[in-house]
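Peer 1: Starting off with a structure, shown below.
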Amino acid sequence: MKSLKEKLFEKIQAHRSRTAKLLKDHKDVVIDQVTIGQCIGGVRNVKCLVTDISYLDPYDGIRFRGKTVTEVFSDLPHVPNCQYPYVEGFWYFLLTGEVPTMMETLAVVEDFSARALVPQYVFDILRTMPRDTHPMTMLSAAVLAMQRESIFAKKYAQGVSKYDYWEPMYEDCTNIIAKLPAIAAYIYRMKYKSDVIIQPGKYMDMGAEFAHMMGIPRPYDDAARMTFILHSDHESGNISSHTTHLVASGLADAYYSLSSGFNGLSGPLHGLANQEVLRWIQDVLHKLGGKIPTEEDLKAFIWETLNSGHVIPGYGHAILRRTDPRFTAQMEFCQRHMPDYELFRIVSMIYRVAPGILMEYGKVKNPWPNLDAHSGVIHWYFGITDYDFYTVLFAVGRALGVLANITWDRALGYPIERPKSVSTGMLEEFASQAAR
Ligand code: CMX
């Protein structure tokens, strides 16, 4: 049986000629144009990034290596007696585009276990930070602190050939992913569970290991697997993916790049929206004195939020134009495990009323929920009521996608990214030329 690294190298060798041919024979073929609206308006829909790891269709949602969320959940090797696949098998799939066998998956589980030990200095650094530091700041700092471990940085200093960059990048990325669950769980237990740390178990897959270190019983292991897979990748243009790719394009190693990507994830319009959803629901409950809201109550609060100049967190998307299938997947999890749970009922009620109001509001291009509208309910159900931790759970999953991407970036020799600026005066000149 070939190891994941050997299989990846085979794929890289096969792929390199495709990229080289496109650049040699077709580099001047136009695939898109840029308007003034896109230039000022956040580069929406400009096709200028390449990734084969996931693709986001506005109506069908995300496909990982061509597979829908449902197909990923059904086709990849499953942890025995569990509903969701191994995260380790999913990492294999993201990197190679091939569904691994059970044996190939278990080899990755073993590989992650061998790399999982977090250096003590990382925990010492976390302990020097004030306890009210946001957990995303802690996670990002922990990854950055480990930069001294970078094999890529060492190999680069030793003069490794650019054709071999992918290999130390792969090593760094795998080392980081294997350690992230322990770092995230440590931050959680230190901040919110009276500093009672749970040591890692042995020979468990990532979902089971994480649930164990968080101190949360089954089926939280399955919730963790689902969460990590759903949050992993959303093609390359979103902030966390793009930032990681951008920083890595200057040949920064995976530690610098991922820490930057995590910082990008921390905005309330991106990964922090999951904490904002729960904060918003708690505000509603507080204002109603703990009473469960009716649909009429919720409609009034949604309008109040919009009229006070705030967004409805968990709703809208820059690309999607339908309900996010990642939202639906989490809804199915809730229907199976917590159909009568109060918070689930509230989120379902918001889903019934919010899209109609956002359509009436007029300016929102996508009135439907994204994945952040639902994730908090699941975490809360399992006892994680400290909602500022939710983005950390997003981040552990997101690492899988962005690290797979930067491994391929180095394999295919993508250059330093450097878009071009224009001034407002130049845009005005373009506008008057177009009017003539
Ligand atoms: N509530 C209220 N207003 C919203 C809205 C929402 N949920 N979504 C969009 N709008 C507003 C925008 O703020 C914008 O207003 P202005 O014209 O006054 O600036 C207008 O509608 C048009 O925006 P859009 O083109 O529909 O959406 P964008 O591509 O600009 O923004 C997003 C996308 C996700 C930032 C936005 O929908 C939003 O702020 N949603 C709430 C936050 C959220 O859930 N973020 C998580 C997204 C998923 C993720 O990355 O994790």
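The chains in the structure tokens are called A, B, ... from first to last as shown; in each chain the residues are counted from 1, and the ligands are counted from 1 in the order shown.
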Can you pull out every residue with an atom within 6 Å of ligand 1? Use only C-alpha atoms and all ligand atoms and format it as a compact mmCIF listing (two decimals) with N, CA, C and O atoms, in the first residue's frame.
Peer 2:
```
# COMPACT_ATOMS: atom_id res chain seq x y z
N LEU A 269 -18.09 39.10 9.98
CA LEU A 269 -18.77 38.82 8.70
C LEU A 269 -18.31 37.49 8.13
O LEU A 269 -18.85 37.01 7.13
N HIS A 270 -17.28 36.89 8.74
CA HIS A 270 -16.78 35.59 8.24
C HIS A 270 -16.95 34.57 9.37
O HIS A 270 -18.07 34.32 9.82
N GLY A 271 -15.87 34.01 9.90
CA GLY A 271 -15.99 32.89 10.83
C GLY A 271 -16.60 33.22 12.18
O GLY A 271 -17.12 32.34 12.87
N ALA A 273 -19.18 34.80 12.69
CA ALA A 273 -20.64 34.90 12.61
C ALA A 273 -21.32 33.82 13.44
O ALA A 273 -22.42 34.02 13.95
N LEU A 306 -32.25 44.89 11.78
CA LEU A 306 -31.98 45.51 10.48
C LEU A 306 -32.11 47.02 10.55
O LEU A 306 -31.25 47.76 10.04
N VAL A 311 -26.39 43.48 10.74
CA VAL A 311 -26.74 42.34 9.87
C VAL A 311 -27.40 41.25 10.71
O VAL A 311 -27.21 41.18 11.93
N ILE A 312 -28.16 40.39 10.05
CA ILE A 312 -28.69 39.19 10.70
C ILE A 312 -27.60 38.14 10.56
O ILE A 312 -27.35 37.64 9.44
N PRO A 313 -26.93 37.78 11.66
CA PRO A 313 -25.80 36.86 11.52
C PRO A 313 -26.26 35.48 11.07
O PRO A 313 -27.33 35.01 11.45
N GLY A 314 -25.42 34.84 10.23
CA GLY A 314 -25.75 33.51 9.74
C GLY A 314 -26.60 33.53 8.48
O GLY A 314 -26.90 32.47 7.92
N TYR A 315 -26.95 34.71 8.01
CA TYR A 315 -27.75 34.81 6.78
C TYR A 315 -26.99 35.62 5.74
O TYR A 315 -26.25 36.54 6.07
N GLY A 316 -27.18 35.26 4.47
CA GLY A 316 -26.49 35.95 3.38
C GLY A 316 -25.20 35.25 3.01
O GLY A 316 -24.67 34.43 3.77
N HIS A 317 -24.74 35.53 1.82
CA HIS A 317 -23.45 34.98 1.36
C HIS A 317 -23.00 35.70 0.10
O HIS A 317 -23.84 36.13 -0.70
N ALA A 318 -21.70 35.81 -0.04
CA ALA A 318 -21.16 36.51 -1.21
C ALA A 318 -21.37 35.71 -2.50
O ALA A 318 -21.51 36.30 -3.58
N LYS A 363 -32.23 44.71 -0.14
CA LYS A 363 -30.90 44.81 -0.74
C LYS A 363 -30.02 43.56 -0.63
O LYS A 363 -29.00 43.45 -1.31
N VAL A 364 -30.44 42.61 0.23
CA VAL A 364 -29.61 41.41 0.45
C VAL A 364 -29.71 40.48 -0.77
O VAL A 364 -30.80 40.11 -1.17
N LYS A 365 -28.56 40.13 -1.34
CA LYS A 365 -28.62 39.29 -2.56
C LYS A 365 -29.00 37.84 -2.25
O LYS A 365 -29.57 37.16 -3.08
N ASN A 366 -28.62 37.37 -1.07
CA ASN A 366 -28.95 35.99 -0.71
C ASN A 366 -29.63 35.98 0.67
O ASN A 366 -28.97 36.17 1.68
N ASN A 370 -26.43 30.58 5.92
CA ASN A 370 -25.16 29.92 5.66
C ASN A 370 -24.86 28.98 6.84
O ASN A 370 -25.65 28.89 7.79
N ASP A 372 -23.02 29.14 9.39
CA ASP A 372 -22.88 29.71 10.72
C ASP A 372 -24.21 29.87 11.45
O ASP A 372 -24.24 30.01 12.67
```
Peer 1: Could you list, as a list in words, every residue within 12 Å of Met338 of chain A, counting only C-alpha atoms and ignoring same-chain residues fewer than 3 positions away?
Peer 2: Pro219, Gln330, Met331, Glu332, Phe333, Cys334, Gln335, Tyr341, Glu342, Leu343, Phe344, Arg345, Val377, Ile378, His379, Trp380, Tyr381 and Phe382 of chain A
Peer 1: Keeping only N, CA and C atoms, take the residues you just selected and write them out as a PDB file, in the first residue's frame.
Peer 2:
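Listed below is the output, out-v8.pdb:
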```pdb
ATOM      1  N   PRO A 219     -22.636  11.475  21.473  1.00  0.00           N
ATOM      2  CA  PRO A 219     -22.083  11.426  20.122  1.00  0.00           C
ATOM      3  C   PRO A 219     -21.328  12.712  19.720  1.00  0.00           C
ATOM      4  N   GLN A 330     -26.281  20.204   9.022  1.00  0.00           N
ATOM      5  CA  GLN A 330     -26.325  20.362  10.484  1.00  0.00           C
ATOM      6  C   GLN A 330     -27.761  20.238  10.995  1.00  0.00           C
ATOM      7  N   MET A 331     -28.696  20.706  10.179  1.00  0.00           N
ATOM      8  CA  MET A 331     -30.112  20.578  10.549  1.00  0.00           C
ATOM      9  C   MET A 331     -30.485  19.090  10.649  1.00  0.00           C
ATOM     10  N   GLU A 332     -29.985  18.289   9.703  1.00  0.00           N
ATOM     11  CA  GLU A 332     -30.286  16.849   9.731  1.00  0.00           C
ATOM     12  C   GLU A 332     -29.691  16.203  10.991  1.00  0.00           C
ATOM     13  N   PHE A 333     -28.499  16.659  11.358  1.00  0.00           N
ATOM     14  CA  PHE A 333     -27.880  16.141  12.586  1.00  0.00           C
ATOM     15  C   PHE A 333     -28.787  16.441  13.789  1.00  0.00           C
ATOM     16  N   CYS A 334     -29.314  17.669  13.832  1.00  0.00           N
ATOM     17  CA  CYS A 334     -30.174  18.061  14.958  1.00  0.00           C
ATOM     18  C   CYS A 334     -31.475  17.271  14.952  1.00  0.00           C
ATOM     19  N   GLN A 335     -32.027  17.080  13.742  1.00  0.00           N
ATOM     20  CA  GLN A 335     -33.287  16.319  13.670  1.00  0.00           C
ATOM     21  C   GLN A 335     -33.082  14.911  14.215  1.00  0.00           C
ATOM     22  N   TYR A 341     -35.122  19.890  20.979  1.00  0.00           N
ATOM     23  CA  TYR A 341     -34.284  20.831  21.716  1.00  0.00           C
ATOM     24  C   TYR A 341     -34.746  22.267  21.416  1.00  0.00           C
ATOM     25  N   GLU A 342     -34.909  23.046  22.500  1.00  0.00           N
ATOM     26  CA  GLU A 342     -35.485  24.395  22.392  1.00  0.00           C
ATOM     27  C   GLU A 342     -34.721  25.300  21.412  1.00  0.00           C
ATOM     28  N   LEU A 343     -33.394  25.273  21.549  1.00  0.00           N
ATOM     29  CA  LEU A 343     -32.578  26.151  20.706  1.00  0.00           C
ATOM     30  C   LEU A 343     -32.691  25.755  19.227  1.00  0.00           C
ATOM     31  N   PHE A 344     -32.798  24.455  18.988  1.00  0.00           N
ATOM     32  CA  PHE A 344     -32.974  23.967  17.607  1.00  0.00           C
ATOM     33  C   PHE A 344     -34.302  24.472  17.050  1.00  0.00           C
ATOM     34  N   ARG A 345     -35.313  24.458  17.922  1.00  0.00           N
ATOM     35  CA  ARG A 345     -36.620  24.952  17.469  1.00  0.00           C
ATOM     36  C   ARG A 345     -36.548  26.435  17.123  1.00  0.00           C
ATOM     37  N   VAL A 377     -25.943  25.940  17.677  1.00  0.00           N
ATOM     38  CA  VAL A 377     -26.960  25.144  18.381  1.00  0.00           C
ATOM     39  C   VAL A 377     -26.372  23.802  18.801  1.00  0.00           C
ATOM     40  N   ILE A 378     -25.609  23.216  17.880  1.00  0.00           N
ATOM     41  CA  ILE A 378     -25.043  21.891  18.157  1.00  0.00           C
ATOM     42  C   ILE A 378     -24.025  21.997  19.293  1.00  0.00           C
ATOM     43  N   HIS A 379     -23.159  22.996  19.213  1.00  0.00           N
ATOM     44  CA  HIS A 379     -22.155  23.155  20.271  1.00  0.00           C
ATOM     45  C   HIS A 379     -22.826  23.405  21.631  1.00  0.00           C
ATOM     46  N   TRP A 380     -23.861  24.228  21.608  1.00  0.00           N
ATOM     47  CA  TRP A 380     -24.567  24.565  22.863  1.00  0.00           C
ATOM     48  C   TRP A 380     -25.207  23.319  23.463  1.00  0.00           C
ATOM     49  N   TYR A 381     -25.810  22.512  22.606  1.00  0.00           N
ATOM     50  CA  TYR A 381     -26.465  21.269  23.052  1.00  0.00           C
ATOM     51  C   TYR A 381     -25.463  20.378  23.793  1.00  0.00           C
ATOM     52  N   PHE A 382     -24.219  20.366  23.301  1.00  0.00           N
ATOM     53  CA  PHE A 382     -23.208  19.515  23.934  1.00  0.00           C
ATOM     54  C   PHE A 382     -22.495  20.225  25.094  1.00  0.00           C
TER      55      PHE A 382
END
```
Peer 1: By how many Å are atom CA of Leu371 of chain A and atom CA of Arg326 of chain A apart?
Peer 2: 5.2 Å
Peer 1: Pick the closest to Val69 of chain A from A:Thr391, A:Ser161, A:Gln83, A:Thr328: which is it, counting only C-alpha atoms?
Peer 2: A:Thr328
Peer 1: Neighbours of segment 140-142 of chain A within 10 Å (only C-alpha atoms; same-chain residues fewer than 6 positions away dropped), as a compact mmCIF listing (two decimals) with all heavy atoms, in the first residue's frame?
Peer 2:
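This is the output file part-v4.txt:
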```txt
# COMPACT_ATOMS: atom_id res chain seq x y z
N VAL A 118 2.02 18.20 21.24
CA VAL A 118 2.22 19.66 21.14
C VAL A 118 3.39 20.04 22.04
O VAL A 118 3.43 19.63 23.21
CB VAL A 118 0.93 20.40 21.59
CG1 VAL A 118 1.12 21.91 21.53
CG2 VAL A 118 -0.26 19.96 20.75
N TYR A 121 6.13 24.41 25.23
CA TYR A 121 6.24 25.88 25.21
C TYR A 121 4.98 26.53 24.63
O TYR A 121 4.67 27.67 24.96
CB TYR A 121 7.51 26.34 24.48
CG TYR A 121 7.52 26.12 22.99
CD1 TYR A 121 6.87 27.00 22.11
CD2 TYR A 121 8.19 25.04 22.43
CE1 TYR A 121 6.88 26.79 20.74
CE2 TYR A 121 8.20 24.82 21.07
CZ TYR A 121 7.54 25.70 20.22
OH TYR A 121 7.55 25.48 18.87
N VAL A 122 4.25 25.82 23.80
CA VAL A 122 3.01 26.38 23.23
C VAL A 122 1.99 26.60 24.36
O VAL A 122 1.37 27.67 24.47
CB VAL A 122 2.42 25.45 22.15
CG1 VAL A 122 1.09 25.98 21.63
CG2 VAL A 122 3.41 25.29 21.01
N PHE A 123 1.86 25.60 25.23
CA PHE A 123 0.93 25.74 26.36
C PHE A 123 1.42 26.83 27.32
O PHE A 123 0.62 27.60 27.86
CB PHE A 123 0.79 24.40 27.09
CG PHE A 123 0.22 23.31 26.21
CD1 PHE A 123 0.77 22.03 26.21
CD2 PHE A 123 -0.87 23.55 25.39
CE1 PHE A 123 0.25 21.02 25.41
CE2 PHE A 123 -1.40 22.55 24.57
CZ PHE A 123 -0.84 21.28 24.59
N ASP A 124 2.75 26.89 27.52
CA ASP A 124 3.30 27.93 28.41
C ASP A 124 2.97 29.32 27.88
O ASP A 124 2.60 30.22 28.63
CB ASP A 124 4.83 27.78 28.54
CG ASP A 124 5.21 26.46 29.22
OD1 ASP A 124 4.32 25.85 29.87
OD2 ASP A 124 6.37 26.04 29.09
N ILE A 125 3.08 29.48 26.57
CA ILE A 125 2.76 30.80 25.96
C ILE A 125 1.28 31.12 26.17
O ILE A 125 0.92 32.23 26.56
CB ILE A 125 3.13 30.81 24.46
CG1 ILE A 125 4.65 30.84 24.31
CG2 ILE A 125 2.49 31.99 23.73
CD1 ILE A 125 5.16 30.58 22.90
N LEU A 126 0.42 30.12 25.94
CA LEU A 126 -1.02 30.37 26.13
C LEU A 126 -1.32 30.79 27.56
O LEU A 126 -2.17 31.63 27.82
CB LEU A 126 -1.82 29.10 25.78
CG LEU A 126 -1.83 28.72 24.29
CD1 LEU A 126 -2.54 27.39 24.07
CD2 LEU A 126 -2.51 29.81 23.45
N MET A 129 -1.03 34.48 28.51
CA MET A 129 -2.01 35.44 27.96
C MET A 129 -3.14 35.65 28.97
O MET A 129 -3.55 34.69 29.63
CB MET A 129 -2.58 34.90 26.63
CG MET A 129 -1.51 34.67 25.59
SD MET A 129 -2.14 33.89 24.08
CE MET A 129 -2.56 35.33 23.13
N LEU A 180 -3.62 20.48 16.07
CA LEU A 180 -4.66 21.48 16.31
C LEU A 180 -5.75 21.05 17.30
O LEU A 180 -6.16 21.84 18.15
CB LEU A 180 -5.31 21.90 14.99
CG LEU A 180 -4.61 22.99 14.18
CD1 LEU A 180 -5.42 23.29 12.93
CD2 LEU A 180 -4.41 24.27 14.99
N ILE A 183 -4.55 21.55 20.80
CA ILE A 183 -4.39 22.98 21.15
C ILE A 183 -5.77 23.59 21.41
O ILE A 183 -5.98 24.30 22.40
CB ILE A 183 -3.65 23.74 20.03
CG1 ILE A 183 -2.23 23.19 19.87
CG2 ILE A 183 -3.62 25.23 20.31
CD1 ILE A 183 -1.48 23.72 18.65
N ALA A 184 -6.71 23.30 20.51
CA ALA A 184 -8.06 23.87 20.66
C ALA A 184 -8.70 23.40 21.97
O ALA A 184 -9.27 24.20 22.73
CB ALA A 184 -8.93 23.46 19.47
N ILE A 187 -7.15 25.13 24.98
CA ILE A 187 -7.66 26.51 25.17
C ILE A 187 -9.03 26.46 25.83
O ILE A 187 -9.33 27.20 26.77
CB ILE A 187 -7.73 27.24 23.80
CG1 ILE A 187 -6.31 27.47 23.25
CG2 ILE A 187 -8.48 28.57 23.92
CD1 ILE A 187 -6.26 27.97 21.81
N TYR A 255 2.99 27.72 9.05
CA TYR A 255 2.66 28.28 10.36
C TYR A 255 2.29 29.76 10.22
O TYR A 255 1.25 30.20 10.71
CB TYR A 255 3.84 28.11 11.33
CG TYR A 255 4.15 26.66 11.62
CD1 TYR A 255 4.98 25.92 10.78
CD2 TYR A 255 3.58 26.01 12.72
CE1 TYR A 255 5.26 24.59 11.03
CE2 TYR A 255 3.86 24.67 12.98
CZ TYR A 255 4.70 23.96 12.13
OH TYR A 255 4.96 22.64 12.39
N TYR A 256 3.15 30.53 9.53
CA TYR A 256 2.83 31.95 9.30
C TYR A 256 1.53 32.07 8.51
O TYR A 256 0.68 32.92 8.79
CB TYR A 256 3.93 32.61 8.46
CG TYR A 256 5.18 33.00 9.22
CD1 TYR A 256 6.43 32.53 8.82
CD2 TYR A 256 5.13 33.86 10.31
CE1 TYR A 256 7.60 32.90 9.48
CE2 TYR A 256 6.29 34.23 10.97
CZ TYR A 256 7.52 33.75 10.56
OH TYR A 256 8.66 34.12 11.21
N LEU A 258 -1.06 29.92 8.05
CA LEU A 258 -2.31 29.51 8.70
C LEU A 258 -2.69 30.49 9.82
O LEU A 258 -3.88 30.82 9.99
CB LEU A 258 -2.19 28.10 9.27
CG LEU A 258 -3.48 27.56 9.88
CD1 LEU A 258 -4.57 27.38 8.82
CD2 LEU A 258 -3.25 26.24 10.61
N SER A 259 -1.70 30.96 10.57
CA SER A 259 -1.99 31.93 11.63
C SER A 259 -2.66 33.17 11.01
O SER A 259 -3.65 33.69 11.53
CB SER A 259 -0.69 32.30 12.36
OG SER A 259 -0.92 33.32 13.26
N SER A 260 -2.15 33.61 9.85
CA SER A 260 -2.76 34.76 9.16
C SER A 260 -4.19 34.42 8.72
O SER A 260 -5.10 35.24 8.87
CB SER A 260 -1.96 35.13 7.91
OG SER A 260 -0.61 35.28 8.21
N GLY A 261 -4.36 33.21 8.19
CA GLY A 261 -5.70 32.79 7.75
C GLY A 261 -6.68 32.78 8.92
O GLY A 261 -7.84 33.18 8.79
N PHE A 262 -6.21 32.32 10.07
CA PHE A 262 -7.07 32.30 11.26
C PHE A 262 -7.45 33.73 11.66
O PHE A 262 -8.58 33.99 12.10
CB PHE A 262 -6.35 31.61 12.43
CG PHE A 262 -6.36 30.10 12.35
CD1 PHE A 262 -5.63 29.35 13.25
CD2 PHE A 262 -7.12 29.43 11.40
CE1 PHE A 262 -5.64 27.95 13.20
CE2 PHE A 262 -7.14 28.04 11.34
CZ PHE A 262 -6.40 27.30 12.24
N ASN A 263 -6.51 34.66 11.53
CA ASN A 263 -6.84 36.06 11.86
C ASN A 263 -7.94 36.55 10.93
O ASN A 263 -8.85 37.26 11.35
CB ASN A 263 -5.60 36.95 11.74
CG ASN A 263 -4.51 36.54 12.72
OD1 ASN A 263 -4.79 35.85 13.69
ND2 ASN A 263 -3.29 36.97 12.48
N SER A 266 -11.42 35.52 11.86
CA SER A 266 -11.94 36.07 13.12
C SER A 266 -12.88 37.26 12.96
O SER A 266 -13.29 37.85 13.96
CB SER A 266 -10.77 36.51 14.01
OG SER A 266 -9.89 35.46 14.18
N VAL A 392 -13.22 28.84 16.95
CA VAL A 392 -12.08 27.92 17.05
C VAL A 392 -12.44 26.58 16.40
O VAL A 392 -11.63 25.97 15.70
CB VAL A 392 -11.66 27.73 18.53
CG1 VAL A 392 -10.64 26.62 18.67
CG2 VAL A 392 -11.12 29.04 19.10
N ALA A 395 -12.23 26.96 12.86
CA ALA A 395 -10.83 27.08 12.44
C ALA A 395 -10.15 25.72 12.32
O ALA A 395 -9.39 25.48 11.37
CB ALA A 395 -10.07 27.96 13.43
```
Peer 1: Near Pro355 of chain A, counting only C-alpha atoms, which residues have an atom at most 8 Å away, once you skip same-chain residues fewer than 4 positions from it, shown as a PDB file with N, CA and C atoms, in the first residue's frame?
Peer 2:
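As a result, out-v5.pdb now contains:
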```pdb
ATOM      1  N   TYR A 351     -35.289  30.289  10.588  1.00  0.00           N
ATOM      2  CA  TYR A 351     -35.189  29.857   9.186  1.00  0.00           C
ATOM      3  C   TYR A 351     -36.532  30.042   8.467  1.00  0.00           C
ATOM      4  N   MET A 359     -35.848  39.244   2.118  1.00  0.00           N
ATOM      5  CA  MET A 359     -36.298  39.536   0.738  1.00  0.00           C
ATOM      6  C   MET A 359     -37.041  40.868   0.723  1.00  0.00           C
ATOM      7  N   PRO A 367     -30.934  35.780   0.702  1.00  0.00           N
ATOM      8  CA  PRO A 367     -31.638  35.845   1.996  1.00  0.00           C
ATOM      9  C   PRO A 367     -31.575  34.536   2.785  1.00  0.00           C
ATOM     10  N   TRP A 368     -30.826  33.575   2.290  1.00  0.00           N
ATOM     11  CA  TRP A 368     -30.839  32.231   2.883  1.00  0.00           C
ATOM     12  C   TRP A 368     -29.707  32.034   3.883  1.00  0.00           C
ATOM     13  N   PRO A 369     -29.852  31.038   4.779  1.00  0.00           N
ATOM     14  CA  PRO A 369     -28.825  30.850   5.823  1.00  0.00           C
ATOM     15  C   PRO A 369     -27.540  30.220   5.293  1.00  0.00           C
TER      16      PRO A 369
END
```
Peer 1: Check the smallest atom-to-atom distance from each of A:Ser113, A:Ser421, A:Thr174, A:Thr385 to Asp205 of chain A using only C-alpha atoms, then report the winner.
Peer 2: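 Ranking A:Ser113, A:Ser421, A:Thr174, A:Thr385 by distance to Asp205 of chain A, first place goes to A:Ser113.
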Peer 1: List as CSV every residue of segment 316-435 of chain A that is in contact with segment 226-234 of chain A, defined as an atom at most 7 Å from one of its atoms (using only C-alpha atoms), together with the nearest atom pair and the distance in Å rounded to one decimal, sorted by chain and then rising number.
Peer 2:
```
residue,atom,partner,partner_atom,distance
A:Arg326,CA,A:Leu230,CA,6.1
A:Phe394,CA,A:His231,CA,5.7
A:Val396,CA,A:Phe228,CA,6.5
A:Gly397,CA,A:Phe228,CA,3.8
A:Arg398,CA,A:Ser232,CA,4.0
A:Ala399,CA,A:Ser232,CA,6.5
A:Leu400,CA,A:Ser232,CA,5.4
A:Gly401,CA,A:Asp233,CA,4.5
A:Val402,CA,A:Asp233,CA,6.8
```
Peer 1: Excluding Ile40 of chain A and any residue of its chain fewer than 2 positions from it, enumerate the residues within 12 Å of it, using only C-alpha atoms, and give them as a PyMOL selection string.
Peer 2: chain A and resi 34-38+42-44+421-424+427
Peer 1: Give me, as a list in words, the residues of segment 209-238 of chain A that a backbone DSSP run labels alpha helix (DSSP H).
Peer 2: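 Result set for segment 209-238 of chain A (alpha helix (DSSP H)): Glu209, Phe210, Ala211, His212, Met213, Met214, Tyr220, Asp221, Asp222, Ala223, Ala224, Arg225, Met226, Thr227, Phe228, Ile229 and Leu230 of chain A.
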Peer 1: Which residue is closest to Ile281 of chain A? Choose from A:Cys39, A:Val347, A:Ala404, A:Ala20 and count only C-alpha atoms.
Peer 2: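 Under the stated criterion, the closest residue is A:Val347.
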Peer 1: Given the choices A:Ile406, A:Ala14, A:Val72, A:Leu49, which gets closest to Val247 of chain A if the distance is worked out from only C-alpha atoms?
Peer 2: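 Under the stated criterion, the closest residue is A:Ile406.
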Peer 1: What does the distance between atom CA of Tyr203 of chain A and atom CA of Ala178 of chain A come to in Å, to one decimal place?
Peer 2: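 About the pair atom CA of Tyr203 of chain A and atom CA of Ala178 of chain A: they are 12.6 Å apart.
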Peer 1: What does the distance between atom CA of Met1 of chain A and atom CA of Thr96 of chain A come to in Å, to one decimal place?
Peer 2: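 Atom-to-atom, atom CA of Met1 of chain A and atom CA of Thr96 of chain A are spaced 14.9 Å apart.
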Peer 1: Check the smallest atom-to-atom distance from each of A:Lys154, A:Gly61, A:Asn175, A:Val50 to Phe112 of chain A using only C-alpha atoms, then report the winner.
Peer 2: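 Result for the nearest residue to Phe112 of chain A: A:Asn175.
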